[in-house]
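Okay, work-v7.cif is below, mmCIF, C-alpha atoms:
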```cif
data_run
#
loop_
_atom_site.group_PDB
_atom_site.id
_atom_site.type_symbol
_atom_site.label_atom_id
_atom_site.label_comp_id
_atom_site.auth_asym_id
_atom_site.auth_seq_id
_atom_site.Cartn_x
_atom_site.Cartn_y
_atom_site.Cartn_z
ATOM 1 C CA ALA A 814 -2.740 -19.728 -15.168
ATOM 2 C CA LEU A 815 -4.903 -16.952 -13.658
ATOM 3 C CA HIS A 816 -2.983 -14.106 -15.369
ATOM 4 C CA PRO A 817 -3.012 -11.691 -12.405
ATOM 5 C CA GLU A 818 -2.787 -7.993 -13.179
ATOM 6 C CA PHE A 819 -0.130 -7.596 -10.470
ATOM 7 C CA PHE A 820 1.469 -9.218 -7.438
ATOM 8 C CA SER A 821 1.120 -7.344 -4.176
ATOM 9 C CA VAL A 822 4.295 -7.490 -2.035
ATOM 10 C CA THR A 823 3.979 -6.769 1.678
ATOM 11 C CA PHE A 824 6.135 -4.185 3.423
ATOM 12 C CA GLY A 825 6.782 -6.548 6.306
ATOM 13 C CA ALA A 826 4.466 -7.820 8.994
ATOM 14 C CA ARG A 827 4.767 -5.236 11.758
ATOM 15 C CA GLY A 828 7.908 -3.904 10.071
ATOM 16 C CA ALA A 829 9.785 -7.205 10.424
ATOM 17 C CA THR A 830 10.737 -7.846 6.777
ATOM 18 C CA ARG A 831 10.730 -4.425 5.103
ATOM 19 C CA ASP A 832 14.230 -4.940 3.722
ATOM 20 C CA ARG A 833 13.122 -7.956 1.678
ATOM 21 C CA THR A 834 10.338 -6.086 -0.130
ATOM 22 C CA LEU A 835 12.707 -4.537 -2.686
ATOM 23 C CA GLU A 836 14.428 -7.873 -3.313
ATOM 24 C CA ILE A 837 11.124 -9.645 -3.963
ATOM 25 C CA VAL A 838 9.820 -6.814 -6.166
ATOM 26 C CA GLN A 839 12.960 -7.103 -8.296
ATOM 27 C CA GLN A 840 12.525 -10.880 -8.588
ATOM 28 C CA ILE A 841 8.888 -10.519 -9.692
ATOM 29 C CA LYS A 842 9.857 -7.891 -12.256
ATOM 30 C CA ALA A 843 12.718 -10.085 -13.547
ATOM 31 C CA GLU A 844 10.170 -12.858 -14.180
ATOM 32 C CA GLY A 845 8.176 -10.457 -16.372
ATOM 33 C CA TYR A 846 5.319 -9.729 -13.979
ATOM 34 C CA THR A 847 4.025 -6.512 -12.443
ATOM 35 C CA ALA A 848 4.768 -5.970 -8.757
ATOM 36 C CA ALA A 849 2.866 -3.623 -6.473
ATOM 37 C CA PRO A 850 5.032 -3.126 -3.383
ATOM 38 C CA HIS A 851 3.342 -2.100 -0.162
ATOM 39 C CA LEU A 852 4.484 1.131 1.390
ATOM 40 C CA SER A 853 3.485 1.717 5.000
ATOM 41 C CA CYS A 854 3.506 5.107 6.642
ATOM 42 C CA ILE A 855 3.907 3.756 10.191
ATOM 43 C CA GLY A 856 7.487 4.336 11.293
ATOM 44 C CA SER A 857 8.363 6.099 8.030
ATOM 45 C CA THR A 858 9.806 9.533 7.455
ATOM 46 C CA ARG A 859 9.266 11.734 4.414
ATOM 47 C CA GLU A 860 12.940 11.307 3.552
ATOM 48 C CA ASN A 861 12.709 7.508 3.798
ATOM 49 C CA VAL A 862 9.527 7.334 1.699
ATOM 50 C CA ARG A 863 11.007 9.714 -0.882
ATOM 51 C CA ALA A 864 14.059 7.450 -1.224
ATOM 52 C CA ILE A 865 11.886 4.341 -1.613
ATOM 53 C CA LEU A 866 9.706 6.062 -4.239
ATOM 54 C CA ASN A 867 12.800 7.132 -6.189
ATOM 55 C CA THR A 868 14.151 3.577 -6.082
ATOM 56 C CA TYR A 869 10.864 2.195 -7.385
ATOM 57 C CA LYS A 870 10.656 4.850 -10.113
ATOM 58 C CA ASN A 871 14.215 4.042 -11.235
ATOM 59 C CA LEU A 872 13.277 0.349 -11.420
ATOM 60 C CA GLY A 873 10.226 1.118 -13.562
ATOM 61 C CA ILE A 874 7.715 0.140 -10.875
ATOM 62 C CA LYS A 875 4.351 1.735 -11.647
ATOM 63 C CA ARG A 876 2.113 0.445 -8.829
ATOM 64 C CA ILE A 877 2.229 1.072 -5.074
ATOM 65 C CA VAL A 878 -0.047 -0.166 -2.293
ATOM 66 C CA ALA A 879 -0.143 2.724 0.197
ATOM 67 C CA LEU A 880 -1.129 1.658 3.700
ATOM 68 C CA ARG A 881 -1.140 3.008 7.209
ATOM 69 C CA GLY A 882 0.317 -0.246 8.521
ATOM 70 C CA ASP A 883 0.469 -1.707 11.995
ATOM 71 C CA LEU A 884 2.570 -0.270 14.790
ATOM 72 C CA PRO A 885 5.364 -2.756 15.550
ATOM 73 C CA SER A 886 5.598 -3.997 19.148
ATOM 74 C CA GLY A 887 7.689 -1.746 21.323
ATOM 75 C CA MET A 888 7.815 1.054 18.747
ATOM 76 C CA ALA A 889 7.634 4.434 20.460
ATOM 77 C CA GLY A 890 6.644 6.693 17.561
ATOM 78 C CA ILE A 891 4.460 6.262 14.513
ATOM 79 C CA GLY A 892 6.611 8.307 12.143
ATOM 80 C CA GLU A 893 5.843 11.423 10.141
ATOM 81 C CA PHE A 894 2.597 10.101 8.634
ATOM 82 C CA GLN A 895 -0.337 9.128 10.809
ATOM 83 C CA TYR A 896 -2.836 7.902 8.191
ATOM 84 C CA ALA A 897 -2.733 6.360 4.720
ATOM 85 C CA ASN A 898 -4.377 9.416 3.123
ATOM 86 C CA GLU A 899 -1.351 11.478 4.229
ATOM 87 C CA LEU A 900 0.958 8.941 2.570
ATOM 88 C CA VAL A 901 -1.121 8.947 -0.635
ATOM 89 C CA SER A 902 -1.033 12.743 -0.740
ATOM 90 C CA PHE A 903 2.746 12.725 -0.239
ATOM 91 C CA ILE A 904 3.264 10.146 -3.006
ATOM 92 C CA ARG A 905 1.195 12.287 -5.402
ATOM 93 C CA ALA A 906 3.096 15.446 -4.427
ATOM 94 C CA GLN A 907 6.452 13.723 -4.978
ATOM 95 C CA THR A 908 5.714 11.688 -8.094
ATOM 96 C CA GLY A 909 2.600 13.110 -9.766
ATOM 97 C CA GLU A 910 0.775 10.419 -11.709
ATOM 98 C CA HIS A 911 3.780 8.062 -12.064
ATOM 99 C CA PHE A 912 2.302 5.476 -9.693
ATOM 100 C CA HIS A 913 -1.036 3.728 -9.762
ATOM 101 C CA ILE A 914 -1.829 3.906 -6.039
ATOM 102 C CA GLU A 915 -3.821 1.134 -4.400
ATOM 103 C CA VAL A 916 -5.222 1.646 -0.901
ATOM 104 C CA ALA A 917 -6.934 -0.652 1.580
ATOM 105 C CA ALA A 918 -10.700 -1.047 1.651
ATOM 106 C CA TYR A 919 -12.703 -3.027 4.153
ATOM 107 C CA PRO A 920 -15.833 -4.969 3.099
ATOM 108 C CA GLU A 921 -17.250 -4.564 6.599
ATOM 109 C CA PHE A 922 -15.122 -1.927 8.298
ATOM 110 C CA HIS A 923 -11.646 -1.586 9.744
ATOM 111 C CA PRO A 924 -11.451 -3.164 13.204
ATOM 112 C CA GLN A 925 -10.046 0.072 14.671
ATOM 113 C CA ALA A 926 -12.719 2.312 13.100
ATOM 114 C CA LYS A 927 -15.310 3.753 15.467
ATOM 115 C CA SER A 928 -18.083 2.843 13.038
ATOM 116 C CA ALA A 929 -18.752 1.800 9.454
ATOM 117 C CA HIS A 930 -19.580 5.442 8.683
ATOM 118 C CA ASP A 931 -16.207 6.630 10.015
ATOM 119 C CA ASP A 932 -14.471 3.937 7.967
ATOM 120 C CA ILE A 933 -16.210 5.129 4.782
ATOM 121 C CA LEU A 934 -15.064 8.686 5.582
ATOM 122 C CA ASN A 935 -11.481 7.415 6.000
ATOM 123 C CA PHE A 936 -11.734 5.636 2.645
ATOM 124 C CA LYS A 937 -13.056 8.822 1.008
ATOM 125 C CA ARG A 938 -10.031 10.737 2.359
ATOM 126 C CA LYS A 939 -7.689 8.228 0.677
ATOM 127 C CA VAL A 940 -9.516 8.587 -2.635
ATOM 128 C CA ALA A 941 -9.540 12.392 -2.362
ATOM 129 C CA ALA A 942 -5.785 12.307 -1.658
ATOM 130 C CA GLY A 943 -5.183 10.589 -4.998
ATOM 131 C CA ALA A 944 -5.765 6.832 -4.687
ATOM 132 C CA ASP A 945 -6.549 5.111 -7.996
ATOM 133 C CA SER A 946 -8.097 1.914 -6.663
ATOM 134 C CA ALA A 947 -8.537 -0.205 -3.565
ATOM 135 C CA ILE A 948 -7.916 -3.781 -2.532
ATOM 136 C CA THR A 949 -9.322 -5.761 0.357
ATOM 137 C CA GLN A 950 -7.541 -7.977 2.832
ATOM 138 C CA TYR A 951 -6.786 -11.441 1.490
ATOM 139 C CA PHE A 952 -9.242 -14.192 2.296
ATOM 140 C CA LEU A 953 -9.219 -17.945 1.772
ATOM 141 C CA VAL A 954 -11.794 -19.966 -0.113
ATOM 142 C CA GLY A 955 -11.040 -23.658 0.232
ATOM 143 C CA SER A 956 -7.403 -24.029 -0.757
ATOM 144 C CA ASN A 957 -7.347 -21.052 -3.153
ATOM 145 C CA ALA A 958 -6.180 -17.633 -1.928
ATOM 146 C CA SER A 959 -7.968 -14.709 -3.527
ATOM 147 C CA PHE A 960 -8.473 -10.952 -3.285
ATOM 148 C CA ALA A 961 -10.834 -8.314 -4.564
ATOM 149 C CA ALA A 962 -9.951 -5.053 -6.293
ATOM 150 C CA VAL A 963 -12.029 -1.978 -6.977
ATOM 151 C CA ASP A 964 -11.066 0.745 -9.473
ATOM 152 C CA HIS A 965 -12.602 4.208 -9.235
#
```

Before we go any further, please render this structure as structure tokens.
Amino acid sequence: ALHPEFFSVTFGARGATRDRTLEIVQQIKAEGYTAAPHLSCIGSTRENVRAILNTYKNLGIKRIVALRGDLPSGMAGIGEFQYANELVSFIRAQTGEHFHIEVAAYPEFHPQAKSAHDDILNFKRKVAAGADSAITQYFLVGSNASFAAVDH
């Protein structure tokens, strides 16, 4: 009834359900809706991300939500990307303008940022790397879930 522009599909809380992302994206697409799968750089390699991007391109997916992601418990290394801007830059280098890239934005500031100013600088790096728009964390209003999006 709300006619959403797209459905955002998580990459797995702390890496737990990454394998289901593709399955859910395919189901959303089969129902005639646009899916925007999350892609997290934590724990990812360039080779792994390249393979995922190619899979999404072959499926006709046009939107990606590029995130740093959370480090899963007990994980020793963070992978080949440290920050979301590095992932955005890699996606652009690999796929040009194929994907509309969403990134995270924080209405206040990211809890791990040193300050609001530093968080704005991090956001600017994501935009400079090639992000098209940003979404905030979900929030609840009464019984209705909602989100905000910002195009640049």

- request: Pull out every residue that the PyMOL selection byres ((chain A and resi 869) around 12) matches in the shown coordinates and put them as a ChimeraX atom specification.
  value: /A:834-836,838-839,842,848-852,862-868,870-877,904,908,911-912

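One distance worth recording is that between CA of Ala926 in chain A and CA of Val901 in chain A, which is 19.2 Å.
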
task: Rounded to one decimal place, report the CA of Glu818 in chain A-CA of Pro924 in chain A distance in Å.
output: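 Here the two named atoms are 28.2 Å from each other.
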
- request: Rank A:Ala843, A:Cys854, A:Val878, A:Ala929 by their smallest atom-to-atom distance to Thr823 in chain A, using all atoms listed in the file, and report the top residue only.
  value: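 When distances to Thr823 in chain A are compared using all atoms listed in the file, the smallest one comes from A:Val878.
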
query: Could you name the residues that touch Val940 in chain A at 9 Å or less, counting all atoms listed in the file, but leaving out those on the same chain fewer than 5 positions away, as a PyMOL selection string?
result: chain A and resi 898+901+916+935+945-947+965

Residues of the last selection are to be written out with C-alpha atoms, as an mmCIF file, keeping the file's coordinate frame.
```cif
data_model
loop_
_atom_site.group_PDB
_atom_site.id
_atom_site.type_symbol
_atom_site.label_atom_id
_atom_site.label_comp_id
_atom_site.auth_asym_id
_atom_site.auth_seq_id
_atom_site.Cartn_x
_atom_site.Cartn_y
_atom_site.Cartn_z
ATOM 1 C CA ASN A 898 -4.377 9.416 3.123
ATOM 2 C CA VAL A 901 -1.121 8.947 -0.635
ATOM 3 C CA VAL A 916 -5.222 1.646 -0.901
ATOM 4 C CA ASN A 935 -11.481 7.415 6.000
ATOM 5 C CA ASP A 945 -6.549 5.111 -7.996
ATOM 6 C CA SER A 946 -8.097 1.914 -6.663
ATOM 7 C CA ALA A 947 -8.537 -0.205 -3.565
ATOM 8 C CA HIS A 965 -12.602 4.208 -9.235
#
```

Between CA of Ser902 in chain A and CA of Gly856 in chain A - distance in Å to one decimal: 17.0 Å

message: If we count only C-alpha atoms and set the cut-off at 9 Å, which residues sit around Ala942 in chain A, ignoring sequence neighbours fewer than 3 positions away in its own chain? Please answer as a list of chain:residue names.
response: A:Asn898, A:Glu899, A:Leu900, A:Val901, A:Ser902, A:Phe903, A:Arg905, A:Lys937, A:Arg938, A:Lys939

Pull C-alpha atoms from the residues just selected and write them as an mmCIF file, in the frame of the given file.
```cif
data_model
loop_
_atom_site.group_PDB
_atom_site.id
_atom_site.type_symbol
_atom_site.label_atom_id
_atom_site.label_comp_id
_atom_site.auth_asym_id
_atom_site.auth_seq_id
_atom_site.Cartn_x
_atom_site.Cartn_y
_atom_site.Cartn_z
ATOM 1 C CA ASN A 898 -4.377 9.416 3.123
ATOM 2 C CA GLU A 899 -1.351 11.478 4.229
ATOM 3 C CA LEU A 900 0.958 8.941 2.570
ATOM 4 C CA VAL A 901 -1.121 8.947 -0.635
ATOM 5 C CA SER A 902 -1.033 12.743 -0.740
ATOM 6 C CA PHE A 903 2.746 12.725 -0.239
ATOM 7 C CA ARG A 905 1.195 12.287 -5.402
ATOM 8 C CA LYS A 937 -13.056 8.822 1.008
ATOM 9 C CA ARG A 938 -10.031 10.737 2.359
ATOM 10 C CA LYS A 939 -7.689 8.228 0.677
#
```

query: Nearest to Phe936 in chain A among A:Leu880, A:Glu860, A:Gln895, A:Ile841, with distances taken over all atoms listed in the file: which residue is it?
result: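 Closest to Phe936 in chain A, using all atoms listed in the file: A:Leu880.
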
query: Taking into account all atoms listed in the file, which residue in the set A:Ile855, A:Asn861, A:Glu910, A:Ser928 is nearest to Phe894 in chain A?
result: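 The answer is A:Ile855, which sits nearest to Phe894 in chain A.
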
message: Using only C-alpha atoms, which protein or nucleic acid residues come within 9 Å of Tyr919 in chain A? Drop anything in the same chain fewer than 5 positions from it, and give the result as a list in words.
response: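 Counting only C-alpha atoms, the residues come to Asp932, Ile933, Phe936, Ile948, Thr949 and Gln950 of chain A.
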